[in-house]
file my_file_32.cif (mmCIF, C-alpha atoms and all ligand atoms)
data_coords
#
loop_
_atom_site.label_atom_id
_atom_site.label_comp_id
_atom_site.auth_asym_id
_atom_site.auth_seq_id
_atom_site.Cartn_x
_atom_site.Cartn_y
_atom_site.Cartn_z
CA MET A 1 0.13 105.14 -89.15
CA SER A 2 2.52 104.76 -86.28
CA PHE A 3 5.04 103.23 -88.68
CA THR A 4 4.94 106.34 -90.86
CA LEU A 5 5.49 108.58 -87.87
CA ARG A 6 8.42 106.53 -86.68
CA ALA A 7 10.01 106.55 -90.10
CA ALA A 8 9.62 110.32 -90.36
CA ALA A 9 11.11 110.83 -86.92
CA PHE A 10 14.01 108.59 -87.80
CA SER A 11 14.96 110.49 -90.92
CA ALA A 12 14.68 113.81 -89.08
CA ALA A 13 17.13 112.49 -86.51
CA ALA A 14 19.45 111.27 -89.24
CA LEU A 15 19.37 114.71 -90.86
CA ALA A 16 20.20 116.40 -87.59
CA LEU A 17 23.10 114.04 -87.16
CA THR A 18 24.48 114.90 -90.58
CA ALA A 19 24.00 118.61 -90.07
CA CYS A 20 25.54 118.85 -86.63
CA GLY A 21 28.26 116.25 -86.78
CA GLU A 22 27.67 114.66 -83.40
CA PRO A 23 24.53 113.53 -81.62
CA ALA A 24 25.13 115.59 -78.46
CA ALA A 25 24.70 118.77 -80.47
CA GLN A 26 21.21 117.87 -81.71
CA THR A 27 19.20 119.79 -79.13
CA GLY A 28 21.88 121.88 -77.45
CA ALA A 29 24.04 120.87 -74.51
CA GLY A 30 22.74 123.37 -71.98
CA GLU A 31 19.19 122.25 -71.28
CA VAL A 32 16.97 119.51 -69.96
CA ASN A 33 13.30 118.93 -70.78
CA VAL A 34 11.19 117.92 -67.82
CA PHE A 35 7.73 116.52 -68.52
CA THR A 36 5.93 116.66 -65.21
CA ALA A 37 2.50 116.10 -63.70
CA ARG A 38 3.46 118.24 -60.72
CA HIS A 39 2.95 121.97 -60.32
CA TYR A 40 4.51 122.85 -56.99
CA ALA A 41 6.63 125.68 -55.66
CA SER A 42 9.06 123.06 -54.32
CA ASP A 43 9.76 121.83 -57.82
CA ASP A 44 10.29 125.33 -59.21
CA ALA A 45 12.76 126.00 -56.38
CA VAL A 46 14.57 122.72 -57.08
CA TYR A 47 14.87 123.47 -60.83
CA ALA A 48 16.14 126.98 -60.10
CA ALA A 49 18.77 125.64 -57.69
CA PHE A 50 19.80 123.02 -60.25
CA THR A 51 20.24 125.67 -62.96
CA GLU A 52 22.21 127.84 -60.59
CA GLN A 53 24.58 125.00 -59.72
CA THR A 54 25.02 123.52 -63.20
CA GLY A 55 24.15 126.20 -65.72
CA ILE A 56 21.73 123.75 -67.32
CA ALA A 57 18.41 125.37 -68.23
CA VAL A 58 15.31 123.43 -67.18
CA ASN A 59 12.39 123.48 -69.62
CA VAL A 60 9.24 122.44 -67.78
CA ILE A 61 6.31 120.93 -69.66
CA GLU A 62 3.34 120.33 -67.35
CA ALA A 63 0.31 118.13 -67.92
CA PRO A 64 -2.04 116.24 -65.59
CA GLY A 65 -0.84 112.69 -64.85
CA ASP A 66 -2.68 110.56 -67.38
CA LEU A 67 -2.47 113.18 -70.14
CA LEU A 68 1.26 113.46 -69.53
CA ILE A 69 1.74 109.74 -70.04
CA GLU A 70 -0.45 109.79 -73.14
CA ARG A 71 1.42 112.74 -74.64
CA VAL A 72 4.90 111.27 -74.20
CA ARG A 73 3.68 107.88 -75.41
CA THR A 74 2.06 109.36 -78.51
CA ASP A 75 5.13 111.46 -79.33
CA GLY A 76 7.16 108.25 -79.27
CA GLU A 77 10.58 108.68 -80.80
CA ARG A 78 9.84 112.34 -81.57
CA SER A 79 9.46 113.05 -77.86
CA GLN A 80 11.76 115.73 -76.48
CA ALA A 81 11.25 114.46 -72.93
CA ASP A 82 14.45 113.93 -70.95
CA VAL A 83 12.93 113.42 -67.52
CA VAL A 84 9.39 112.25 -66.75
CA ILE A 85 7.96 113.08 -63.32
CA THR A 86 4.61 112.03 -61.95
CA VAL A 87 2.92 111.19 -58.69
CA ASP A 88 1.75 107.84 -57.36
CA ALA A 89 3.44 104.53 -58.09
CA GLY A 90 0.31 103.44 -59.93
CA ARG A 91 0.94 106.14 -62.54
CA LEU A 92 4.67 105.45 -62.68
CA TRP A 93 3.83 101.83 -63.35
CA ARG A 94 1.50 102.88 -66.18
CA ALA A 95 4.17 105.18 -67.60
CA GLU A 96 6.69 102.35 -67.49
CA GLN A 97 4.23 99.99 -69.20
CA ALA A 98 3.73 102.63 -71.90
CA GLY A 99 7.48 102.56 -72.58
CA LEU A 100 8.26 106.04 -71.30
CA PHE A 101 11.39 105.16 -69.32
CA GLN A 102 14.82 103.67 -69.75
CA ALA A 103 17.08 102.46 -66.97
CA ALA A 104 19.98 104.76 -66.09
CA PRO A 105 23.00 102.76 -64.93
CA GLU A 106 24.73 106.11 -64.24
CA LEU A 107 22.31 106.59 -61.36
CA GLN A 108 23.10 103.32 -59.64
CA ASP A 109 25.14 104.89 -56.81
CA ALA A 110 22.66 107.67 -56.14
CA LEU A 111 19.72 105.25 -56.16
CA ALA A 112 21.38 103.03 -53.57
CA ASP A 113 20.35 105.70 -51.03
CA VAL A 114 16.66 105.42 -51.97
CA PRO A 115 14.84 102.67 -50.04
CA GLU A 116 14.58 99.67 -52.31
CA ASN A 117 10.81 99.43 -51.96
CA LEU A 118 10.38 102.99 -53.25
CA ARG A 119 11.95 102.38 -56.64
CA HIS A 120 11.33 100.26 -59.70
CA PRO A 121 12.98 96.82 -59.42
CA GLU A 122 14.96 97.39 -62.66
CA GLY A 123 15.71 101.05 -61.99
CA ASP A 124 13.28 102.50 -64.57
CA TRP A 125 11.96 105.04 -62.04
CA PHE A 126 12.43 105.97 -58.43
CA GLY A 127 10.61 107.82 -55.68
CA PHE A 128 12.18 111.18 -54.84
CA ALA A 129 9.57 112.07 -52.21
CA ALA A 130 7.12 109.99 -50.21
CA ARG A 131 3.53 110.38 -49.12
CA VAL A 132 1.21 108.31 -47.01
CA ARG A 133 -2.51 107.81 -47.44
CA GLY A 134 -3.98 108.22 -44.00
CA ILE A 135 -7.23 108.75 -42.15
CA ALA A 136 -8.28 112.31 -41.41
CA TYR A 137 -10.75 112.62 -38.54
CA ALA A 138 -12.90 115.09 -36.67
CA ALA A 139 -10.86 115.95 -33.59
CA ASP A 140 -13.96 116.61 -31.47
CA ARG A 141 -15.89 113.40 -32.21
CA VAL A 142 -13.50 110.63 -33.18
CA ASP A 143 -11.06 108.73 -30.97
CA PRO A 144 -7.91 108.19 -33.04
CA ALA A 145 -7.45 104.87 -31.22
CA ASP A 146 -10.43 103.56 -33.24
CA ILE A 147 -8.83 104.23 -36.63
CA GLN A 148 -5.29 102.91 -36.30
CA ASP A 149 -5.81 100.59 -39.27
CA PHE A 150 -7.67 101.11 -42.56
CA THR A 151 -9.43 97.79 -42.06
CA ALA A 152 -11.35 99.32 -39.11
CA LEU A 153 -13.19 101.69 -41.48
CA ALA A 154 -15.21 98.81 -42.93
CA ASP A 155 -16.85 98.19 -39.54
CA GLU A 156 -20.51 98.97 -39.09
CA ALA A 157 -19.55 101.55 -36.45
CA TRP A 158 -18.62 103.88 -39.32
CA ARG A 159 -21.96 103.64 -41.17
CA GLY A 160 -22.72 106.97 -42.84
CA ARG A 161 -19.56 108.60 -41.49
CA ILE A 162 -16.85 108.23 -44.19
CA CYS A 163 -15.91 110.70 -46.92
CA VAL A 164 -13.66 109.53 -49.73
CA ARG A 165 -13.09 110.53 -53.32
CA SER A 166 -14.03 108.52 -56.40
CA SER A 167 -12.50 105.17 -57.27
CA ASN A 168 -11.25 106.46 -60.61
CA ASN A 169 -8.58 108.31 -58.65
CA VAL A 170 -5.18 106.64 -58.65
CA TYR A 171 -4.67 107.22 -54.90
CA ASN A 172 -7.63 105.00 -54.05
CA GLN A 173 -6.61 102.44 -56.65
CA SER A 174 -3.16 102.22 -55.10
CA LEU A 175 -4.58 101.94 -51.60
CA LEU A 176 -6.80 99.03 -52.59
CA ALA A 177 -3.92 97.56 -54.60
CA GLY A 178 -1.87 97.60 -51.39
CA LEU A 179 -4.67 95.86 -49.52
CA ILE A 180 -4.91 93.21 -52.26
CA GLU A 181 -1.20 92.59 -51.77
CA ALA A 182 -1.57 92.41 -47.98
CA GLU A 183 -4.77 90.42 -47.60
CA GLY A 184 -5.72 89.03 -50.98
CA ALA A 185 -8.40 90.09 -53.44
CA GLU A 186 -11.32 88.58 -51.54
CA ALA A 187 -10.58 90.43 -48.30
CA ALA A 188 -9.89 93.60 -50.27
CA GLU A 189 -13.28 93.30 -51.94
CA SER A 190 -15.17 92.92 -48.69
CA TRP A 191 -13.29 95.89 -47.26
CA ALA A 192 -14.19 98.02 -50.30
CA ALA A 193 -17.84 96.92 -49.98
CA GLY A 194 -17.72 97.94 -46.31
CA ILE A 195 -16.41 101.39 -47.21
CA VAL A 196 -19.18 101.86 -49.78
CA ALA A 197 -21.75 100.88 -47.14
CA ASN A 198 -20.23 103.41 -44.74
CA MET A 199 -19.98 106.40 -47.08
CA ALA A 200 -21.54 109.61 -45.78
CA ARG A 201 -22.19 110.78 -49.33
CA PRO A 202 -21.44 109.73 -52.90
CA PRO A 203 -17.76 110.40 -53.72
CA GLN A 204 -17.12 113.94 -54.93
CA GLY A 205 -14.15 116.29 -55.11
CA GLY A 206 -10.52 115.75 -54.22
CA ASP A 207 -8.79 114.95 -50.95
CA THR A 208 -8.95 118.54 -49.69
CA ASP A 209 -12.72 118.52 -50.21
CA GLN A 210 -13.01 115.44 -47.98
CA ILE A 211 -11.12 117.25 -45.21
CA ARG A 212 -13.37 120.30 -45.52
CA ALA A 213 -16.41 118.01 -45.37
CA ILE A 214 -15.23 116.73 -41.99
CA ALA A 215 -14.87 120.31 -40.77
CA THR A 216 -18.43 121.14 -41.87
CA GLY A 217 -19.82 118.01 -40.22
CA GLN A 218 -20.77 116.02 -43.33
CA CYS A 219 -18.58 113.13 -42.22
CA ASP A 220 -16.37 112.11 -39.32
CA VAL A 221 -13.45 110.48 -41.11
CA ALA A 222 -11.92 110.68 -44.58
CA ILE A 223 -9.27 108.80 -46.53
CA VAL A 224 -6.69 111.34 -47.70
CA ASN A 225 -3.04 111.81 -48.60
CA HIS A 226 -1.19 113.39 -45.72
CA TYR A 227 0.11 116.48 -47.49
CA TYR A 228 -3.39 117.84 -48.20
CA LEU A 229 -4.02 118.23 -44.50
CA ALA A 230 -0.46 119.50 -43.93
CA ARG A 231 -1.10 122.19 -46.54
CA LEU A 232 -4.26 123.33 -44.75
CA GLU A 233 -2.48 123.21 -41.38
CA ARG A 234 0.23 125.54 -42.69
CA SER A 235 -2.08 127.85 -44.64
CA GLN A 236 -2.63 131.48 -43.61
CA ASP A 237 -6.09 131.50 -45.17
CA PRO A 238 -8.74 131.78 -42.41
CA ALA A 239 -11.04 129.14 -43.97
CA ASP A 240 -8.13 126.69 -44.31
CA MET A 241 -7.04 127.38 -40.75
CA GLU A 242 -10.54 126.75 -39.46
CA ALA A 243 -10.79 123.44 -41.31
CA ALA A 244 -7.33 122.38 -40.16
CA GLU A 245 -8.23 123.22 -36.57
CA ALA A 246 -11.15 120.78 -36.62
CA VAL A 247 -9.32 117.90 -38.30
CA ASP A 248 -6.34 115.73 -37.45
CA LEU A 249 -4.67 112.75 -39.11
CA VAL A 250 -3.88 109.16 -38.21
CA ILE A 251 -1.10 107.63 -40.27
CA ALA A 252 -2.98 104.37 -40.26
CA ASP A 253 -1.66 100.88 -40.84
CA LEU A 254 -2.79 98.93 -43.86
CA ALA A 255 -3.86 95.55 -42.51
CA GLY A 256 -1.10 95.59 -39.91
CA ARG A 257 1.65 96.09 -42.50
CA GLY A 258 2.53 99.68 -41.64
CA ALA A 259 1.51 102.89 -43.37
CA HIS A 260 0.38 102.85 -47.00
CA MET A 261 3.43 104.52 -48.50
CA ASN A 262 3.45 105.99 -51.98
CA ILE A 263 5.77 108.24 -53.93
CA SER A 264 6.34 111.10 -56.26
CA GLY A 265 8.69 109.63 -58.80
CA ALA A 266 10.90 110.34 -61.75
CA GLY A 267 12.76 108.48 -64.44
CA LEU A 268 15.02 108.95 -67.42
CA ALA A 269 12.85 109.24 -70.52
CA ALA A 270 13.36 106.66 -73.24
CA GLY A 271 15.35 108.36 -76.00
CA ALA A 272 16.13 111.41 -73.84
CA PRO A 273 17.84 113.88 -76.21
CA ASN A 274 19.81 115.45 -73.33
CA ARG A 275 20.69 112.29 -71.46
CA ASP A 276 23.63 113.59 -69.41
CA ASN A 277 21.70 116.62 -68.24
CA ALA A 278 18.73 114.42 -67.43
CA VAL A 279 20.88 112.15 -65.29
CA ALA A 280 22.32 115.19 -63.51
CA LEU A 281 18.84 116.51 -62.74
CA LEU A 282 17.55 113.13 -61.58
CA GLU A 283 20.49 112.89 -59.20
CA PHE A 284 19.83 116.42 -57.99
CA LEU A 285 16.28 115.41 -56.96
CA LEU A 286 17.95 113.27 -54.30
CA SER A 287 20.28 116.00 -53.03
CA ASP A 288 19.83 117.39 -49.52
CA ASP A 289 18.64 120.72 -50.91
CA ALA A 290 15.97 119.14 -53.08
CA GLN A 291 14.84 116.71 -50.38
CA ARG A 292 14.49 119.60 -47.96
CA ALA A 293 12.48 121.60 -50.50
CA PHE A 294 9.98 118.76 -50.95
CA ALA A 295 9.58 118.44 -47.17
CA GLU A 296 9.30 122.15 -46.48
CA LEU A 297 7.38 123.44 -49.50
CA THR A 298 5.21 120.46 -50.48
CA ASN A 299 5.00 118.67 -47.11
CA GLU A 300 6.26 115.41 -48.59
CA TYR A 301 8.58 113.05 -46.75
CA PRO A 302 12.19 112.89 -47.93
CA VAL A 303 13.23 109.48 -49.26
CA ILE A 304 16.86 109.99 -48.24
CA GLU A 305 17.52 109.09 -44.66
CA GLY A 306 18.97 111.75 -42.35
CA VAL A 307 17.86 114.80 -44.35
CA THR A 308 16.95 117.54 -41.90
CA TYR A 309 14.09 119.93 -42.59
CA ASP A 310 11.86 122.43 -40.89
CA ASN A 311 8.23 121.29 -40.91
CA ALA A 312 6.39 121.30 -37.60
CA VAL A 313 3.29 119.61 -39.04
CA LEU A 314 5.22 116.57 -40.29
CA ASP A 315 7.15 116.47 -37.01
CA GLY A 316 3.87 116.56 -35.10
CA TRP A 317 2.60 113.45 -36.86
CA GLY A 318 5.70 111.55 -35.82
CA ALA A 319 7.80 108.90 -37.50
CA VAL A 320 6.15 106.85 -40.24
CA GLU A 321 6.34 103.08 -39.94
CA ALA A 322 5.79 102.10 -43.54
CA ASP A 323 4.61 98.96 -45.28
CA PRO A 324 7.82 97.47 -46.75
CA LEU A 325 5.95 96.49 -49.93
CA ASN A 326 7.64 97.57 -53.16
CA VAL A 327 5.38 100.30 -54.52
CA ASN A 328 5.63 98.79 -58.01
CA ALA A 329 3.10 96.20 -56.80
CA LEU A 330 0.54 99.00 -56.47
CA GLY A 331 0.61 99.41 -60.24
CA GLU A 332 0.58 95.69 -60.87
CA ASN A 333 -2.58 95.29 -58.75
CA ALA A 334 -4.33 98.41 -60.03
CA GLY A 335 -6.38 96.55 -62.65
CA GLU A 336 -7.69 94.11 -60.05
CA ALA A 337 -8.42 97.04 -57.73
CA GLN A 338 -10.49 98.77 -60.41
CA ARG A 339 -12.51 95.61 -61.06
CA ILE A 340 -13.24 95.34 -57.34
CA PHE A 341 -14.34 98.99 -57.20
CA ASP A 342 -16.69 98.33 -60.11
CA ARG A 343 -18.14 95.20 -58.49
CA VAL A 344 -18.80 96.82 -55.12
CA GLY A 345 -20.24 99.98 -56.70
CA TRP A 346 -17.67 102.50 -55.43
CA PRO A 347 -18.36 105.27 -57.94
FE FE B 1 -2.07 114.85 -54.77
#

call {"tool": "encode", "arguments": {"input": "my_file_32.cif", "output": "structure tokens"}}
result
Amino acid sequence: MSFTLRAAAFSAAALALTACGEPAAQTGAGEVNVFTARHYASDDAVYAAFTEQTGIAVNVIEAPGDLLIERVRTDGERSQADVVITVDAGRLWRAEQAGLFQAAPELQDALADVPENLRHPEGDWFGFAARVRGIAYAADRVDPADIQDFTALADEAWRGRICVRSSNNVYNQSLLAGLIEAEGAEAAESWAAGIVANMARPPQGGDTDQIRAIATGQCDVAIVNHYYLARLERSQDPADMEAAEAVDLVIADLAGRGAHMNISGAGLAAGAPNRDNAVALLEFLLSDDAQRAFAELTNEYPVIEGVTYDNAVLDGWGAVEADPLNVNALGENAGEAQRIFDRVGWP
């Protein structure tokens, strides 16, 4: 079946070659096809700025993370994807394993400015924005000094007080994957068992729901990505503002290694029909303008050092001391993490 599809795609490409004379003309020189799991105003602004500067039209195809990977993988050589963008190193790792990327030697200079631990060791993908998974807490009943490290949350003191989403979510898989890397699988398993014992309720909803549950008193602490709270903090919606007022964030250490850092990442799609335009866009994601847009519009941390931006919430949380672990390890350990979640009964 897959052989037939490949053969058909190959002859279509050969036909196009014959008809147009040169490969660059196959899909038109003036566009780039971005397959993305993100749906943020920051990204729209970045694409618009890119088009304005280069004249290259950006075609955006959106799909949720795992569906996006599946779609590009299934399309195989017929895929029109030039750039693939998704969030969380665990997903980037899966995308890479599914053969979605190719290395782009043209990007070598630009990538030298991205911290080495936030990009794929062979250059198949790179982080263009960073996020930390932290501990949100009820400002009126939790002392942030007690939650400076994720390991503390497994203590009996937190019995019945923790909200966290389901283990089938990649953010939790990556967090546990990071702990496996830091402390080994056995310690990671007893930590996960401790969290299950301390849950205030069975996992439900996304990270924002955990924050709201703190505000309504269902739990005292929650494990969340930082930008969900930043979004509420900067919202003009009265309900969001009320929740944000009651909750603050500790950018906690992961077993003494520094913050659990993760990324939004991108890579050059294998077989990208508009390769040059793709490379130009990937480079643009690392430009000052783009980095500032991610910080100001999506509350993510720039990956390029020295980029200035206006975001009082991020400033208020202070500098992030991050775990130097290469985020690729989060994907490598994800399978082990999932087995641990299953064993300890983290739904
Ligand atoms: Fe998210």

call {"tool": "residues_near_ligand", "arguments": {"input": "my_file_32.cif", "ligand": "ligand FE 1 (chain B)", "cutoff": "8 Å", "atoms": "only C-alpha atoms and all ligand atoms", "output": "ChimeraX atom specification"}}
result
/A:87,207,225,227-228

call {"tool": "atom_distance", "arguments": {"input": "my_file_32.cif", "atom1": "atom CA of Gln102 of chain A", "atom2": "atom CA of Gly123 of chain A"}}
result
8.2 Å

call {"tool": "residues_around", "arguments": {"input": "my_file_32.cif", "residues": "segment 245-259 of chain A", "least_positions_apart": "5", "cutoff": "8 Å", "atoms": "only C-alpha atoms", "output": "MDAnalysis selection string"}}
result
chainID A and resid 132:140 144 147:151 178:179 182:183 211 214:215 226 229 233 317 320:324

call {"tool": "axis_aligned_box", "arguments": {"input": "my_file_32.cif", "around": "segment 311-316 of chain A", "padding_each_side": "4 Å", "output": "AutoDock Vina command-line options"}}
result
--center_x 5.8 --center_y 118.9 --center_z -38.0 --size_x 12.9 --size_y 12.8 --size_z 13.8

call {"tool": "closest_residue", "arguments": {"input": "my_file_32.cif", "among": "A:Asn169, A:Asn262, A:Gln80, A:Ser190", "to": "Asp66 of chain A", "atoms": "all atoms listed in the file"}}
result
A:Asn169

call {"tool": "closest_residue", "arguments": {"input": "my_file_32.cif", "among": "A:Val170, A:Ile162, A:Ile263, A:Ala145", "to": "Ala222 of chain A", "atoms": "all atoms listed in the file"}}
result
A:Ile162

call {"tool": "closest_residue", "arguments": {"input": "my_file_32.cif", "among": "A:Leu232, A:Val196, A:Cys219, A:Ala244", "to": "Ile340 of chain A", "atoms": "all atoms listed in the file"}}
result
A:Val196

call {"tool": "atom_distance", "arguments": {"input": "my_file_32.cif", "atom1": "atom CA of Leu100 of chain A", "atom2": "atom CA of Val72 of chain A"}}
result
6.9 Å

call {"tool": "residues_around", "arguments": {"input": "my_file_32.cif", "residues": "segment 104-120 of chain A", "least_positions_apart": "5", "cutoff": "6 Å", "atoms": "all atoms listed in the file", "output": "list in words"}}
result
Trp125, Phe126, Gly127, Val303, Ile304, Asn326 and Val327 of chain A

call {"tool": "residues_around", "arguments": {"input": "my_file_32.cif", "residues": "Ala337 of chain A", "least_positions_apart": "5", "cutoff": "9 Å", "atoms": "only C-alpha atoms", "output": "ChimeraX atom specification"}}
result
/A:172-177,180,185,188-189,342

call {"tool": "residues_around", "arguments": {"input": "my_file_32.cif", "residues": "Phe128 of chain A", "least_positions_apart": "5", "cutoff": "8 Å", "atoms": "all atoms listed in the file", "output": "PDB file with C-alpha atoms, in the frame of the given file"}}
result
ATOM      1  CA  VAL A 114      16.660 105.420 -51.970  1.00  0.00           C
ATOM      2  CA  ILE A 263       5.770 108.240 -53.930  1.00  0.00           C
ATOM      3  CA  SER A 264       6.340 111.100 -56.260  1.00  0.00           C
ATOM      4  CA  GLY A 265       8.690 109.630 -58.800  1.00  0.00           C
ATOM      5  CA  ALA A 266      10.900 110.340 -61.750  1.00  0.00           C
ATOM      6  CA  LEU A 285      16.280 115.410 -56.960  1.00  0.00           C
ATOM      7  CA  LEU A 286      17.950 113.270 -54.300  1.00  0.00           C
ATOM      8  CA  GLN A 291      14.840 116.710 -50.380  1.00  0.00           C
ATOM      9  CA  PRO A 302      12.190 112.890 -47.930  1.00  0.00           C
ATOM     10  CA  VAL A 303      13.230 109.480 -49.260  1.00  0.00           C
TER      11      VAL A 303
END

call {"tool": "atom_distance", "arguments": {"input": "my_file_32.cif", "atom1": "atom CA of Arg91 of chain A", "atom2": "atom CA of Ile69 of chain A"}}
result
8.4 Å

call {"tool": "closest_atom_pairs", "arguments": {"input": "my_file_32.cif", "of": "segment 74-143 of chain A", "to": "segment 28-44 of chain A", "cutoff": "12 Å", "atoms": "only C-alpha atoms", "output": "Markdown table"}}
result
| residue | atom | partner | partner_atom | distance |
| --- | --- | --- | --- | --- |
| A:Ser79 | CA | A:Asn33 | CA | 10.0 |
| A:Gln80 | CA | A:Asn33 | CA | 6.7 |
| A:Ala81 | CA | A:Asn33 | CA | 5.4 |
| A:Asp82 | CA | A:Asn33 | CA | 5.1 |
| A:Val83 | CA | A:Val34 | CA | 4.8 |
| A:Val84 | CA | A:Phe35 | CA | 4.9 |
| A:Ile85 | CA | A:Thr36 | CA | 4.5 |
| A:Thr86 | CA | A:Ala37 | CA | 4.9 |
| A:Val87 | CA | A:Ala37 | CA | 7.0 |
| A:Asp88 | CA | A:Ala37 | CA | 10.4 |
| A:Arg91 | CA | A:Ala37 | CA | 10.1 |
| A:Leu92 | CA | A:Ala37 | CA | 10.9 |
| A:Ala95 | CA | A:Ala37 | CA | 11.7 |
| A:Leu100 | CA | A:Phe35 | CA | 10.9 |
| A:Phe101 | CA | A:Phe35 | CA | 12.0 |
| A:Phe128 | CA | A:Asp43 | CA | 11.3 |
| A:Ala129 | CA | A:Ser42 | CA | 11.2 |

call {"tool": "write_last_selection", "arguments": {"input": "my_file_32.cif", "atoms": "C-alpha atoms", "output": "PDB file, keeping the file's coordinate frame"}}
result
ATOM      1  CA  SER A  79       9.460 113.050 -77.860  1.00  0.00           C
ATOM      2  CA  GLN A  80      11.760 115.730 -76.480  1.00  0.00           C
ATOM      3  CA  ALA A  81      11.250 114.460 -72.930  1.00  0.00           C
ATOM      4  CA  ASP A  82      14.450 113.930 -70.950  1.00  0.00           C
ATOM      5  CA  VAL A  83      12.930 113.420 -67.520  1.00  0.00           C
ATOM      6  CA  VAL A  84       9.390 112.250 -66.750  1.00  0.00           C
ATOM      7  CA  ILE A  85       7.960 113.080 -63.320  1.00  0.00           C
ATOM      8  CA  THR A  86       4.610 112.030 -61.950  1.00  0.00           C
ATOM      9  CA  VAL A  87       2.920 111.190 -58.690  1.00  0.00           C
ATOM     10  CA  ASP A  88       1.750 107.840 -57.360  1.00  0.00           C
ATOM     11  CA  ARG A  91       0.940 106.140 -62.540  1.00  0.00           C
ATOM     12  CA  LEU A  92       4.670 105.450 -62.680  1.00  0.00           C
ATOM     13  CA  ALA A  95       4.170 105.180 -67.600  1.00  0.00           C
ATOM     14  CA  LEU A 100       8.260 106.040 -71.300  1.00  0.00           C
ATOM     15  CA  PHE A 101      11.390 105.160 -69.320  1.00  0.00           C
ATOM     16  CA  PHE A 128      12.180 111.180 -54.840  1.00  0.00           C
ATOM     17  CA  ALA A 129       9.570 112.070 -52.210  1.00  0.00           C
TER      18      ALA A 129
END

call {"tool": "closest_residue", "arguments": {"input": "my_file_32.cif", "among": "A:Tyr171, A:Trp158, A:His260, A:Ala270", "to": "Ala98 of chain A", "atoms": "all atoms listed in the file"}}
result
A:Ala270

call {"tool": "residues_around", "arguments": {"input": "my_file_32.cif", "residues": "Asn311 of chain A", "least_positions_apart": "2", "cutoff": "10 Å", "atoms": "all atoms listed in the file", "output": "list of chain:residue names"}}
result
A:Ala230, A:Arg234, A:Arg292, A:Ala295, A:Glu296, A:Leu297, A:Asn299, A:Glu300, A:Thr308, A:Tyr309, A:Val313, A:Leu314, A:Asp315, A:Gly316

call {"tool": "build_atoms", "arguments": {"input": "my_file_32.cif", "residues": "segment 326-336 of chain A", "atoms": "N, CA, C and O atoms", "output": "mmCIF file, in the coordinates of the input"}}
result
data_model
loop_
_atom_site.group_PDB
_atom_site.id
_atom_site.type_symbol
_atom_site.label_atom_id
_atom_site.label_comp_id
_atom_site.auth_asym_id
_atom_site.auth_seq_id
_atom_site.Cartn_x
_atom_site.Cartn_y
_atom_site.Cartn_z
ATOM 1 N N ASN A 326 7.139 96.759 -52.037
ATOM 2 C CA ASN A 326 7.640 97.570 -53.160
ATOM 3 C C ASN A 326 6.448 98.218 -53.858
ATOM 4 O O ASN A 326 5.497 97.540 -54.260
ATOM 5 N N VAL A 327 6.515 99.540 -53.996
ATOM 6 C CA VAL A 327 5.380 100.300 -54.520
ATOM 7 C C VAL A 327 5.035 99.927 -55.972
ATOM 8 O O VAL A 327 3.939 100.233 -56.445
ATOM 9 N N ASN A 328 5.939 99.250 -56.654
ATOM 10 C CA ASN A 328 5.630 98.790 -58.010
ATOM 11 C C ASN A 328 4.414 97.849 -58.005
ATOM 12 O O ASN A 328 3.643 97.812 -58.967
ATOM 13 N N ALA A 329 4.236 97.126 -56.904
ATOM 14 C CA ALA A 329 3.100 96.200 -56.800
ATOM 15 C C ALA A 329 1.769 96.956 -56.836
ATOM 16 O O ALA A 329 0.738 96.396 -57.231
ATOM 17 N N LEU A 330 1.782 98.218 -56.452
ATOM 18 C CA LEU A 330 0.540 99.000 -56.470
ATOM 19 C C LEU A 330 0.055 99.153 -57.905
ATOM 20 O O LEU A 330 -1.145 99.107 -58.179
ATOM 21 N N GLY A 331 0.985 99.329 -58.830
ATOM 22 C CA GLY A 331 0.610 99.410 -60.240
ATOM 23 C C GLY A 331 0.181 98.055 -60.777
ATOM 24 O O GLY A 331 -0.808 97.952 -61.505
ATOM 25 N N GLU A 332 0.911 97.038 -60.377
ATOM 26 C CA GLU A 332 0.580 95.690 -60.870
ATOM 27 C C GLU A 332 -0.832 95.277 -60.454
ATOM 28 O O GLU A 332 -1.524 94.587 -61.199
ATOM 29 N N ASN A 333 -1.263 95.691 -59.255
ATOM 30 C CA ASN A 333 -2.580 95.290 -58.750
ATOM 31 C C ASN A 333 -3.691 96.287 -59.086
ATOM 32 O O ASN A 333 -4.837 96.095 -58.672
ATOM 33 N N ALA A 334 -3.356 97.340 -59.806
ATOM 34 C CA ALA A 334 -4.330 98.410 -60.030
ATOM 35 C C ALA A 334 -5.536 97.931 -60.859
ATOM 36 O O ALA A 334 -6.668 98.349 -60.619
ATOM 37 N N GLY A 335 -5.285 97.053 -61.824
ATOM 38 C CA GLY A 335 -6.380 96.550 -62.650
ATOM 39 C C GLY A 335 -7.377 95.759 -61.813
ATOM 40 O O GLY A 335 -8.597 95.954 -61.919
ATOM 41 N N GLU A 336 -6.850 94.896 -60.963
ATOM 42 C CA GLU A 336 -7.690 94.110 -60.050
ATOM 43 C C GLU A 336 -8.470 95.048 -59.114
ATOM 44 O O GLU A 336 -9.659 94.844 -58.841
#
